[in-house]
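One structure is given below, encoded as structure tokens.
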Amino acid sequence: VGVPVLPGYRGADQSDAAFARAADEIGFPVLIKPVAGGGGKGMRVVDSAGALQTALASSRREARASFGDDRLLLETYLPRPRHVELQVFADAHGNVASLFDRDCSIQRRHQKIVEEAPAPGLAKKVREAMAETAVALTRAIDYRGAGTVEFLVDASSPEQFFFMEMNTRLQVEHPVTELILDL
């Protein structure tokens, strides 16, 4: 459906050699993430090929302990991304609405500390493209209910954004959206 994602490796081959080939192809730095993960657990930033094997082993251990699943993925690491999310609502008739964006870039250990809406300084065309992408993604998976589609915005190229995840629930940050919509 044309959802932009960071270059990465999400393959079935979970060997160190497969990750090394992928990291060489993608280029360093890379980010290792557990497939079943969340909350920053098991994530490792790797700056060089020499550090990859140790980081993979460490990430696998933490993923297995935290999620019962040690499968990993690899993606391009953005050193200073903005974290922007969009609240969406979808009904059983195919209607999907985006309720604007929230910036949650201020984080500690991959946990949001401050949310601001609308995301300050986001270009209008980027804001609109993110909303269109969030709606298209929500429709493509035939989702129903409240959800949040999250993106990373490349600080060095702020017109580029990449899908990060969708939380298929109403998040605790929803009151921020309620306030800007005067609900």
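Chain labels follow the order of the structure tokens: the first chain is A, the next B, and so on; residue numbering restarts at 1 in every chain, and ligands are counted from 1 in their shown order.
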
Using 7 Å as the limit and counting only C-alpha atoms, can you tabulate each residue of range 28-131 of chain A that touches range 150-165 of chain A, with its shortest atom-to-atom distance in Å and the two atoms involved, as a tab-separated table?
residue	atom	partner	partner_atom	distance
A:Leu78	CA	A:Asp154	CA	6.6
A:Arg80	CA	A:Ala155	CA	5.8
A:Pro81	CA	A:Asp154	CA	5.0
A:Arg82	CA	A:Val153	CA	4.9
A:His83	CA	A:Leu152	CA	4.8
A:Val84	CA	A:Phe151	CA	5.3
A:Glu85	CA	A:Glu150	CA	4.1
A:Leu86	CA	A:Glu150	CA	6.4
A:Val126	CA	A:Glu159	CA	6.0

Report task. Write out as a ChimeraX atom specification which residues come within 9 Å of Arg44 in chain A when counting only C-alpha atoms, dropping same-chain ones fewer than 5 positions away. Result -> /A:30-33,55-56,58-59

Query - Members of chain A assigned alpha helix (DSSP H) by DSSP, as an MDAnalysis selection string - result: chainID A and resid 16:26 52:67 124:140 174:181

Output the selection as a PDB file, in the first residue's frame - C-alpha atoms for each residue.
ATOM      1  CA  ASP A  16      24.503 -14.048  12.556  1.00  0.00           C
ATOM      2  CA  ALA A  17      25.776 -14.367   8.972  1.00  0.00           C
ATOM      3  CA  ALA A  18      22.400 -13.261   7.549  1.00  0.00           C
ATOM      4  CA  PHE A  19      22.358 -10.226   9.827  1.00  0.00           C
ATOM      5  CA  ALA A  20      25.982  -9.401   8.946  1.00  0.00           C
ATOM      6  CA  ARG A  21      25.183  -9.498   5.209  1.00  0.00           C
ATOM      7  CA  ALA A  22      22.119  -7.319   5.748  1.00  0.00           C
ATOM      8  CA  ALA A  23      23.987  -4.794   7.901  1.00  0.00           C
ATOM      9  CA  ASP A  24      26.729  -4.509   5.278  1.00  0.00           C
ATOM     10  CA  GLU A  25      24.098  -3.919   2.606  1.00  0.00           C
ATOM     11  CA  ILE A  26      22.112  -1.399   4.671  1.00  0.00           C
ATOM     12  CA  LEU A  52      27.349  -6.802  15.564  1.00  0.00           C
ATOM     13  CA  GLN A  53      27.783 -10.359  16.870  1.00  0.00           C
ATOM     14  CA  THR A  54      27.919  -9.316  20.533  1.00  0.00           C
ATOM     15  CA  ALA A  55      24.888  -7.040  20.100  1.00  0.00           C
ATOM     16  CA  LEU A  56      22.910  -9.825  18.389  1.00  0.00           C
ATOM     17  CA  ALA A  57      23.617 -12.248  21.239  1.00  0.00           C
ATOM     18  CA  SER A  58      22.641  -9.679  23.860  1.00  0.00           C
ATOM     19  CA  SER A  59      19.467  -8.681  22.022  1.00  0.00           C
ATOM     20  CA  ARG A  60      18.437 -12.333  21.583  1.00  0.00           C
ATOM     21  CA  ARG A  61      18.887 -13.018  25.314  1.00  0.00           C
ATOM     22  CA  GLU A  62      16.809 -10.017  26.329  1.00  0.00           C
ATOM     23  CA  ALA A  63      14.129 -10.766  23.707  1.00  0.00           C
ATOM     24  CA  ARG A  64      13.840 -14.387  24.870  1.00  0.00           C
ATOM     25  CA  ALA A  65      13.612 -13.339  28.525  1.00  0.00           C
ATOM     26  CA  SER A  66      11.153 -10.497  27.875  1.00  0.00           C
ATOM     27  CA  PHE A  67       8.928 -11.923  25.130  1.00  0.00           C
ATOM     28  CA  LYS A 124       1.989  20.825   6.140  1.00  0.00           C
ATOM     29  CA  LYS A 125       2.737  18.460   3.234  1.00  0.00           C
ATOM     30  CA  VAL A 126       4.447  15.988   5.607  1.00  0.00           C
ATOM     31  CA  ARG A 127       1.542  16.202   8.055  1.00  0.00           C
ATOM     32  CA  GLU A 128      -0.942  15.526   5.235  1.00  0.00           C
ATOM     33  CA  ALA A 129       1.135  12.679   3.777  1.00  0.00           C
ATOM     34  CA  MET A 130       1.397  11.031   7.194  1.00  0.00           C
ATOM     35  CA  ALA A 131      -2.357  11.260   7.699  1.00  0.00           C
ATOM     36  CA  GLU A 132      -3.003   9.794   4.233  1.00  0.00           C
ATOM     37  CA  THR A 133      -0.530   6.998   4.930  1.00  0.00           C
ATOM     38  CA  ALA A 134      -2.073   6.229   8.334  1.00  0.00           C
ATOM     39  CA  VAL A 135      -5.544   6.043   6.781  1.00  0.00           C
ATOM     40  CA  ALA A 136      -4.328   3.867   3.864  1.00  0.00           C
ATOM     41  CA  LEU A 137      -2.582   1.480   6.250  1.00  0.00           C
ATOM     42  CA  THR A 138      -5.650   1.251   8.485  1.00  0.00           C
ATOM     43  CA  ARG A 139      -7.859   0.480   5.479  1.00  0.00           C
ATOM     44  CA  ALA A 140      -5.377  -2.039   4.041  1.00  0.00           C
ATOM     45  CA  HIS A 174      -5.605   9.981  23.722  1.00  0.00           C
ATOM     46  CA  PRO A 175      -6.549  12.891  26.052  1.00  0.00           C
ATOM     47  CA  VAL A 176      -3.955  14.993  24.190  1.00  0.00           C
ATOM     48  CA  THR A 177      -5.974  14.462  21.012  1.00  0.00           C
ATOM     49  CA  GLU A 178      -9.227  15.114  22.877  1.00  0.00           C
ATOM     50  CA  LEU A 179      -7.892  18.470  24.034  1.00  0.00           C
ATOM     51  CA  ILE A 180      -6.943  19.709  20.579  1.00  0.00           C
ATOM     52  CA  LEU A 181     -10.322  18.561  19.202  1.00  0.00           C
TER      53      LEU A 181
END

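Considering only C-alpha atoms, the residue among A:Gly39, A:Gly11, A:Gly27, A:Val5 positioned nearest to Arg109 in chain A is A:Gly39.
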
Skip Ala119 in chain A itself and residues of its chain fewer than 6 positions away, then list as a compact mmCIF listing (two decimals) with all heavy atoms, in the first residue's frame all residues within 7 Å of it, counting only C-alpha atoms.
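Saved the output as result36.txt:
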# COMPACT_ATOMS: atom_id res chain seq x y z
N ASP A 101 -2.08 14.65 14.53
CA ASP A 101 -0.82 14.06 14.97
C ASP A 101 -0.42 14.55 16.34
O ASP A 101 -0.87 15.59 16.82
CB ASP A 101 0.29 14.39 13.95
CG ASP A 101 0.29 15.86 13.58
OD1 ASP A 101 0.86 16.67 14.35
OD2 ASP A 101 -0.26 16.22 12.53
N ARG A 102 0.46 13.75 16.95
CA ARG A 102 1.06 14.09 18.25
C ARG A 102 2.55 13.82 18.13
O ARG A 102 2.97 12.79 17.62
CB ARG A 102 0.47 13.21 19.37
CG ARG A 102 -1.02 13.28 19.50
CD ARG A 102 -1.52 12.48 20.69
NE ARG A 102 -1.27 11.06 20.61
CZ ARG A 102 -2.21 10.12 20.57
NH1 ARG A 102 -3.49 10.45 20.59
NH2 ARG A 102 -1.90 8.85 20.52
N ASP A 103 3.36 14.72 18.63
CA ASP A 103 4.80 14.52 18.67
C ASP A 103 5.16 13.97 20.04
O ASP A 103 4.81 14.54 21.06
CB ASP A 103 5.53 15.84 18.42
CG ASP A 103 7.02 15.64 18.23
OD1 ASP A 103 7.68 15.10 19.16
OD2 ASP A 103 7.54 16.00 17.18

Query raised in the report: Excluding same-chain residues fewer than 4 positions from Met166 in chain A, what lies within 7 Å of it counting only C-alpha atoms, as a PyMOL selection string?
Result: chain A and resi 147-150

Query - Residues near Val114 in chain A, cut-off 9 Å, only C-alpha atoms, skip fewer than 2 positions along chain, as a VMD selection string - result: chain A and resid 103 to 107 112 116

Write out the residues from the selection above, keeping all heavy atoms, as a PDB file, in the first residue's frame.
ATOM      1  N   ASP A 103       3.355  14.724  18.631  1.00  0.00           N
ATOM      2  CA  ASP A 103       4.795  14.517  18.670  1.00  0.00           C
ATOM      3  C   ASP A 103       5.165  13.969  20.044  1.00  0.00           C
ATOM      4  O   ASP A 103       4.807  14.544  21.064  1.00  0.00           O
ATOM      5  CB  ASP A 103       5.533  15.836  18.424  1.00  0.00           C
ATOM      6  CG  ASP A 103       7.024  15.638  18.234  1.00  0.00           C
ATOM      7  OD1 ASP A 103       7.675  15.096  19.163  1.00  0.00           O
ATOM      8  OD2 ASP A 103       7.542  15.997  17.177  1.00  0.00           O
ATOM      9  N   CYS A 104       5.840  12.843  20.037  1.00  0.00           N
ATOM     10  CA  CYS A 104       6.259  12.237  21.313  1.00  0.00           C
ATOM     11  C   CYS A 104       7.747  11.920  21.252  1.00  0.00           C
ATOM     12  O   CYS A 104       8.186  10.837  21.627  1.00  0.00           O
ATOM     13  CB  CYS A 104       5.416  11.010  21.640  1.00  0.00           C
ATOM     14  SG  CYS A 104       5.153   9.900  20.266  1.00  0.00           S
ATOM     15  N   SER A 105       8.510  12.865  20.751  1.00  0.00           N
ATOM     16  CA  SER A 105       9.956  12.685  20.579  1.00  0.00           C
ATOM     17  C   SER A 105      10.728  12.771  21.880  1.00  0.00           C
ATOM     18  O   SER A 105      11.837  12.254  21.977  1.00  0.00           O
ATOM     19  CB  SER A 105      10.500  13.733  19.601  1.00  0.00           C
ATOM     20  OG  SER A 105       9.857  13.606  18.341  1.00  0.00           O
ATOM     21  N   ILE A 106      10.173  13.444  22.872  1.00  0.00           N
ATOM     22  CA  ILE A 106      10.870  13.555  24.152  1.00  0.00           C
ATOM     23  C   ILE A 106      10.615  12.263  24.919  1.00  0.00           C
ATOM     24  O   ILE A 106       9.500  12.010  25.386  1.00  0.00           O
ATOM     25  CB  ILE A 106      10.409  14.785  24.945  1.00  0.00           C
ATOM     26  CG1 ILE A 106      10.698  16.057  24.143  1.00  0.00           C
ATOM     27  CG2 ILE A 106      11.091  14.823  26.306  1.00  0.00           C
ATOM     28  CD1 ILE A 106      10.154  17.317  24.764  1.00  0.00           C
ATOM     29  N   GLN A 107      11.677  11.443  24.991  1.00  0.00           N
ATOM     30  CA  GLN A 107      11.562  10.115  25.588  1.00  0.00           C
ATOM     31  C   GLN A 107      12.746   9.840  26.497  1.00  0.00           C
ATOM     32  O   GLN A 107      13.793  10.466  26.385  1.00  0.00           O
ATOM     33  CB  GLN A 107      11.508   9.037  24.504  1.00  0.00           C
ATOM     34  CG  GLN A 107      10.338   9.181  23.576  1.00  0.00           C
ATOM     35  CD  GLN A 107      10.226   8.027  22.601  1.00  0.00           C
ATOM     36  OE1 GLN A 107      10.904   7.017  22.704  1.00  0.00           O
ATOM     37  NE2 GLN A 107       9.343   8.185  21.636  1.00  0.00           N
ATOM     38  N   LYS A 112       7.789   7.344  26.212  1.00  0.00           N
ATOM     39  CA  LYS A 112       7.354   8.723  25.998  1.00  0.00           C
ATOM     40  C   LYS A 112       7.222   9.461  27.325  1.00  0.00           C
ATOM     41  O   LYS A 112       6.696   8.926  28.291  1.00  0.00           O
ATOM     42  CB  LYS A 112       6.008   8.728  25.284  1.00  0.00           C
ATOM     43  CG  LYS A 112       6.046   8.014  23.949  1.00  0.00           C
ATOM     44  CD  LYS A 112       4.638   7.774  23.436  1.00  0.00           C
ATOM     45  CE  LYS A 112       4.663   6.819  22.278  1.00  0.00           C
ATOM     46  NZ  LYS A 112       3.319   6.377  21.909  1.00  0.00           N
ATOM     47  N   GLU A 116       2.938  16.305  22.437  1.00  0.00           N
ATOM     48  CA  GLU A 116       2.467  17.630  22.053  1.00  0.00           C
ATOM     49  C   GLU A 116       1.693  17.507  20.752  1.00  0.00           C
ATOM     50  O   GLU A 116       2.130  16.838  19.819  1.00  0.00           O
ATOM     51  CB  GLU A 116       3.660  18.568  21.877  1.00  0.00           C
ATOM     52  CG  GLU A 116       3.284  19.993  21.640  1.00  0.00           C
ATOM     53  CD  GLU A 116       4.473  20.930  21.637  1.00  0.00           C
ATOM     54  OE1 GLU A 116       5.598  20.489  21.875  1.00  0.00           O
ATOM     55  OE2 GLU A 116       4.260  22.122  21.377  1.00  0.00           O
TER      56      GLU A 116
END

Requested in this report: Return as a list in words the full set of residues in range 111-175 of chain A whose backbone-based DSSP assignment is strand (DSSP E or B).
Outcome: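 The strand (DSSP E or B) subset of range 111-175 of chain A is Gln111, Lys112, Glu116, Gly145, Ala146, Gly147, Thr148, Val149, Glu150, Phe151, Leu152, Val153, Phe161, Phe162, Phe163, Met164, Glu165, Met166 and Asn167 of chain A.
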